[in-house]
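One structure is given below, encoded as structure tokens.
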Amino acid sequence: MSSMDDKRHDLSRWAHQHQYGNGNAAAERSTRLVMWITVATMLVEIVAGWWFNSMAVLADGWHMSSHALAIGLSAFAYGAARKYADDPSFAFGTWKIEVLASYTSALFLLAVAGAMVFGSLERLWSPQPIHYLEAMGVAIFGLVINLVCALILGGAHDHGHDHGHNHGHDHGHAHHDHHHDLNLKAAYIHVVTDALTSVLAIAALAGGWLWGWSWLDPATGLVGAVLVALWAKNLIVQSGRVLLDREMDHPVVEEIREVIAALPTAGHTALTDLHVWRVGNGAYACAISLLTHDATLTSLDIRRALAIHGEIVHVTSEIHLCDECR
């Protein structure tokens, strides 16, 4: 048996844990509830839109079907990340399952925007009579449901911030914009886009009912499609950056550089390589390579120095002693 296996050796100072978040139980519960509410409302709107011959309501129903699928994906991602949290084959935890779900949800949003454009153009070329009052009633119902779902998911977001990671210090940077739960944000955007579609549908139907502007119904569908596409693009960019580990311009990178520059041996130590990537919602790992003239500098010194930034949860350091000091 190796002497390193002796029980007298305390490895806690060197050991790393590989779970970088406790999950967001409130978000998981909320997305599941919203998924079932969305499915029920979707069925009502599809039937009503077909019965009253309203492109706005029918489109809202079909769009809600894709949202129901996407929100279901968000709920599934939370469950999968929790289920495999202890699986050692995930080198840096399972959080990116949730990010992958948010990226996929954004693709669903683009498909929704495309369907809105197709359906609206079809109604512009071939107008159909609309039962305005009945259709407005269904659209208002859909809007109320969407607002309720938005409140449910918004409450989960606030809960996650209140009980989330506490840094315990002032970074001097505005980090909160970077610590959003992207999976929850994806579900929230799907609900908000549904609410937007409902608002546009109500406005279009009111205009058609009062002034006979039947073209307003499909025209608002085109406006909604543009807004949905813009939201989808923003979500794709945010989740894509995380999936590609493209975050070397994040403020936490500069904080790490500042810590290294403030080391007692800073005058004799140079940072030669740095890699930083996100491994949790507001949690980062980093790999550091240093060249030093001080033979007493250790990896534990680096970890202790970086410990003031609580979001840096995993540090791998490589220290090279200058050839002249050998």
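Please note that chains go A, B, ... in the order of the structure tokens, that every chain numbers its residues from 1, and that ligands are numbered from 1 in the order shown.
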| field | range 36-44 of chain A environment, 10 Å, only C-alpha atoms, sequence neighbours closer than 3 positions dropped, as a ChimeraX atom specification | value | /A:31-33,47-49,57-58,60-69,71-72,138,141-142,145-146,148-149,191,194
Pick out each residue of range 61-232 of chain A that DSSP on the backbone tags as alpha helix (DSSP H); I need them as an mmCIF file with C-alpha atoms, in the first residue's frame.
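So the final result, stored in part15.cif, reads:
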data_model
loop_
_atom_site.group_PDB
_atom_site.id
_atom_site.type_symbol
_atom_site.label_atom_id
_atom_site.label_comp_id
_atom_site.auth_asym_id
_atom_site.auth_seq_id
_atom_site.Cartn_x
_atom_site.Cartn_y
_atom_site.Cartn_z
ATOM 1 C CA GLY A 61 -52.659 27.722 -30.122
ATOM 2 C CA TRP A 62 -50.161 26.072 -32.452
ATOM 3 C CA HIS A 63 -47.388 28.330 -31.202
ATOM 4 C CA MET A 64 -48.328 27.310 -27.682
ATOM 5 C CA SER A 65 -47.870 23.656 -28.683
ATOM 6 C CA SER A 66 -44.238 24.308 -29.496
ATOM 7 C CA HIS A 67 -43.904 26.265 -26.267
ATOM 8 C CA ALA A 68 -45.391 23.357 -24.327
ATOM 9 C CA LEU A 69 -42.779 21.071 -25.876
ATOM 10 C CA ALA A 70 -39.970 23.513 -25.125
ATOM 11 C CA ILE A 71 -41.089 24.099 -21.530
ATOM 12 C CA GLY A 72 -41.365 20.325 -21.119
ATOM 13 C CA LEU A 73 -37.782 20.113 -22.351
ATOM 14 C CA SER A 74 -36.729 22.622 -19.688
ATOM 15 C CA ALA A 75 -38.413 20.546 -16.985
ATOM 16 C CA PHE A 76 -36.765 17.381 -18.335
ATOM 17 C CA ALA A 77 -33.345 19.074 -18.312
ATOM 18 C CA TYR A 78 -33.682 19.977 -14.621
ATOM 19 C CA GLY A 79 -34.576 16.371 -13.828
ATOM 20 C CA ALA A 80 -31.720 14.948 -15.906
ATOM 21 C CA ALA A 81 -29.159 17.324 -14.369
ATOM 22 C CA ARG A 82 -30.317 16.317 -10.885
ATOM 23 C CA LYS A 83 -30.403 12.591 -11.708
ATOM 24 C CA TRP A 95 -25.295 21.989 -15.421
ATOM 25 C CA LYS A 96 -24.743 22.208 -19.170
ATOM 26 C CA ILE A 97 -27.642 19.802 -19.692
ATOM 27 C CA GLU A 98 -29.807 22.748 -18.686
ATOM 28 C CA VAL A 99 -27.912 25.116 -20.985
ATOM 29 C CA LEU A 100 -28.291 22.690 -23.880
ATOM 30 C CA ALA A 101 -32.040 22.643 -23.212
ATOM 31 C CA SER A 102 -32.169 26.449 -23.328
ATOM 32 C CA TYR A 103 -30.300 26.436 -26.648
ATOM 33 C CA THR A 104 -32.748 23.884 -28.063
ATOM 34 C CA SER A 105 -35.683 25.955 -26.778
ATOM 35 C CA ALA A 106 -34.320 28.937 -28.671
ATOM 36 C CA LEU A 107 -34.341 26.858 -31.855
ATOM 37 C CA PHE A 108 -37.980 26.041 -31.134
ATOM 38 C CA LEU A 109 -38.629 29.775 -30.889
ATOM 39 C CA LEU A 110 -37.140 30.298 -34.340
ATOM 40 C CA ALA A 111 -39.445 27.579 -35.677
ATOM 41 C CA VAL A 112 -42.366 29.375 -34.024
ATOM 42 C CA ALA A 113 -41.388 32.623 -35.729
ATOM 43 C CA GLY A 114 -41.195 30.837 -39.083
ATOM 44 C CA ALA A 115 -44.645 29.288 -38.586
ATOM 45 C CA MET A 116 -46.049 32.711 -37.679
ATOM 46 C CA VAL A 117 -44.690 34.210 -40.894
ATOM 47 C CA PHE A 118 -46.023 31.370 -43.036
ATOM 48 C CA GLY A 119 -49.496 31.424 -41.506
ATOM 49 C CA SER A 120 -49.786 35.199 -41.597
ATOM 50 C CA LEU A 121 -48.714 35.484 -45.231
ATOM 51 C CA GLU A 122 -51.200 32.776 -46.160
ATOM 52 C CA ARG A 123 -54.032 34.766 -44.578
ATOM 53 C CA LEU A 124 -52.886 37.981 -46.272
ATOM 54 C CA TRP A 125 -53.142 36.327 -49.691
ATOM 55 C CA TYR A 132 -64.226 38.525 -33.937
ATOM 56 C CA LEU A 133 -65.938 38.561 -30.540
ATOM 57 C CA GLU A 134 -65.571 34.836 -29.941
ATOM 58 C CA ALA A 135 -61.961 34.894 -31.087
ATOM 59 C CA MET A 136 -61.148 37.860 -28.831
ATOM 60 C CA GLY A 137 -62.616 36.004 -25.870
ATOM 61 C CA VAL A 138 -60.312 33.041 -26.495
ATOM 62 C CA ALA A 139 -57.284 35.328 -27.012
ATOM 63 C CA ILE A 140 -57.995 37.099 -23.716
ATOM 64 C CA PHE A 141 -58.225 33.710 -22.017
ATOM 65 C CA GLY A 142 -54.845 32.758 -23.488
ATOM 66 C CA LEU A 143 -53.322 36.029 -22.311
ATOM 67 C CA VAL A 144 -54.541 35.497 -18.742
ATOM 68 C CA ILE A 145 -53.079 31.973 -18.731
ATOM 69 C CA ASN A 146 -49.747 33.267 -20.047
ATOM 70 C CA LEU A 147 -49.588 35.975 -17.397
ATOM 71 C CA VAL A 148 -50.259 33.395 -14.677
ATOM 72 C CA CYS A 149 -47.478 31.187 -16.067
ATOM 73 C CA ALA A 150 -45.120 34.168 -16.238
ATOM 74 C CA LEU A 151 -45.801 34.906 -12.558
ATOM 75 C CA ILE A 152 -45.121 31.267 -11.640
ATOM 76 C CA LEU A 153 -41.794 31.213 -13.479
ATOM 77 C CA GLY A 154 -40.898 34.694 -12.237
ATOM 78 C CA GLY A 155 -41.394 33.487 -8.672
ATOM 79 C CA ALA A 156 -39.042 30.575 -9.335
ATOM 80 C CA HIS A 157 -36.450 33.024 -10.674
ATOM 81 C CA ASP A 158 -36.658 35.182 -7.539
ATOM 82 C CA HIS A 159 -36.434 32.080 -5.336
ATOM 83 C CA GLY A 160 -33.295 30.961 -7.153
ATOM 84 C CA HIS A 161 -31.659 34.342 -6.565
ATOM 85 C CA ASP A 162 -32.629 34.482 -2.896
ATOM 86 C CA LEU A 182 -30.656 30.087 -18.797
ATOM 87 C CA ASN A 183 -32.951 27.065 -18.721
ATOM 88 C CA LEU A 184 -35.535 28.942 -16.665
ATOM 89 C CA LYS A 185 -35.048 32.003 -18.843
ATOM 90 C CA ALA A 186 -35.822 29.921 -21.945
ATOM 91 C CA ALA A 187 -39.087 28.699 -20.413
ATOM 92 C CA TYR A 188 -39.944 32.245 -19.345
ATOM 93 C CA ILE A 189 -39.316 33.643 -22.830
ATOM 94 C CA HIS A 190 -41.595 31.005 -24.333
ATOM 95 C CA VAL A 191 -44.375 32.112 -21.983
ATOM 96 C CA VAL A 192 -43.736 35.800 -22.687
ATOM 97 C CA THR A 193 -43.793 35.261 -26.452
ATOM 98 C CA ASP A 194 -47.116 33.484 -26.047
ATOM 99 C CA ALA A 195 -48.408 36.459 -24.071
ATOM 100 C CA LEU A 196 -47.165 38.795 -26.787
ATOM 101 C CA THR A 197 -48.952 36.757 -29.449
ATOM 102 C CA SER A 198 -52.144 36.962 -27.400
ATOM 103 C CA VAL A 199 -51.855 40.742 -27.030
ATOM 104 C CA LEU A 200 -51.271 41.169 -30.763
ATOM 105 C CA ALA A 201 -54.185 38.861 -31.499
ATOM 106 C CA ILE A 202 -56.514 40.897 -29.266
ATOM 107 C CA ALA A 203 -55.415 44.176 -30.860
ATOM 108 C CA ALA A 204 -55.789 42.778 -34.383
ATOM 109 C CA LEU A 205 -59.208 41.295 -33.715
ATOM 110 C CA ALA A 206 -60.415 44.525 -32.104
ATOM 111 C CA GLY A 207 -59.267 46.507 -35.135
ATOM 112 C CA GLY A 208 -60.960 44.104 -37.495
ATOM 113 C CA TRP A 209 -64.176 44.130 -35.470
ATOM 114 C CA LEU A 210 -64.370 47.941 -35.110
ATOM 115 C CA TRP A 211 -63.097 49.107 -38.480
ATOM 116 C CA LEU A 216 -54.621 43.529 -39.272
ATOM 117 C CA ASP A 217 -54.925 39.947 -38.006
ATOM 118 C CA PRO A 218 -52.160 38.453 -40.181
ATOM 119 C CA ALA A 219 -50.139 41.692 -40.168
ATOM 120 C CA THR A 220 -49.710 41.548 -36.388
ATOM 121 C CA GLY A 221 -48.618 37.945 -36.805
ATOM 122 C CA LEU A 222 -45.672 39.188 -38.886
ATOM 123 C CA VAL A 223 -44.758 41.783 -36.257
ATOM 124 C CA GLY A 224 -44.892 39.120 -33.550
ATOM 125 C CA ALA A 225 -42.695 36.819 -35.628
ATOM 126 C CA VAL A 226 -39.955 39.452 -35.802
ATOM 127 C CA LEU A 227 -40.007 39.991 -32.030
ATOM 128 C CA VAL A 228 -39.970 36.245 -31.326
ATOM 129 C CA ALA A 229 -37.015 35.792 -33.705
ATOM 130 C CA LEU A 230 -35.072 38.554 -31.922
ATOM 131 C CA TRP A 231 -35.664 36.954 -28.516
ATOM 132 C CA ALA A 232 -34.635 33.577 -29.909
#
Contact check, range 83-106 of chain A to range 284-304 of chain A, at most 12 Å, counting only C-alpha atoms, closest pairs as CSV:
residue,atom,partner,partner_atom,distance
A:Ala91,CA,A:Ala285,CA,11.3
A:Phe92,CA,A:Ala285,CA,8.5
A:Gly93,CA,A:Ala285,CA,11.1
A:Trp95,CA,A:Tyr284,CA,11.4
Can those selected residues be exported to a file as a PDB file, in the first residue's frame so that it contains N, CA and C atoms?
ATOM      1  N   ALA A  91     -17.333  15.436 -16.306  1.00  0.00           N
ATOM      2  CA  ALA A  91     -16.111  15.945 -15.679  1.00  0.00           C
ATOM      3  C   ALA A  91     -16.343  17.210 -14.867  1.00  0.00           C
ATOM      4  N   PHE A  92     -17.229  18.094 -15.324  1.00  0.00           N
ATOM      5  CA  PHE A  92     -17.489  19.336 -14.621  1.00  0.00           C
ATOM      6  C   PHE A  92     -18.969  19.507 -14.315  1.00  0.00           C
ATOM      7  N   GLY A  93     -19.608  18.438 -13.892  1.00  0.00           N
ATOM      8  CA  GLY A  93     -20.995  18.514 -13.475  1.00  0.00           C
ATOM      9  C   GLY A  93     -21.978  18.456 -14.632  1.00  0.00           C
ATOM     10  N   TRP A  95     -24.562  20.744 -15.194  1.00  0.00           N
ATOM     11  CA  TRP A  95     -25.295  21.989 -15.421  1.00  0.00           C
ATOM     12  C   TRP A  95     -25.533  22.275 -16.895  1.00  0.00           C
TER      13      TRP A  95
END
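We find CA of Ala307 in chain A and CA of Gly240 in chain A to be spaced 28.0 Å apart.
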| request: One decimal, Å: what's the distance from CA of Leu321 in chain A over to CA of Pro264 in chain A, could you say? | output: 16.0 Å
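Counting only C-alpha atoms and comparing A:Glu258, A:Asp181, A:Asp245, A:Asp323, the residue that lies closest to Asn24 in chain A is A:Asp181.
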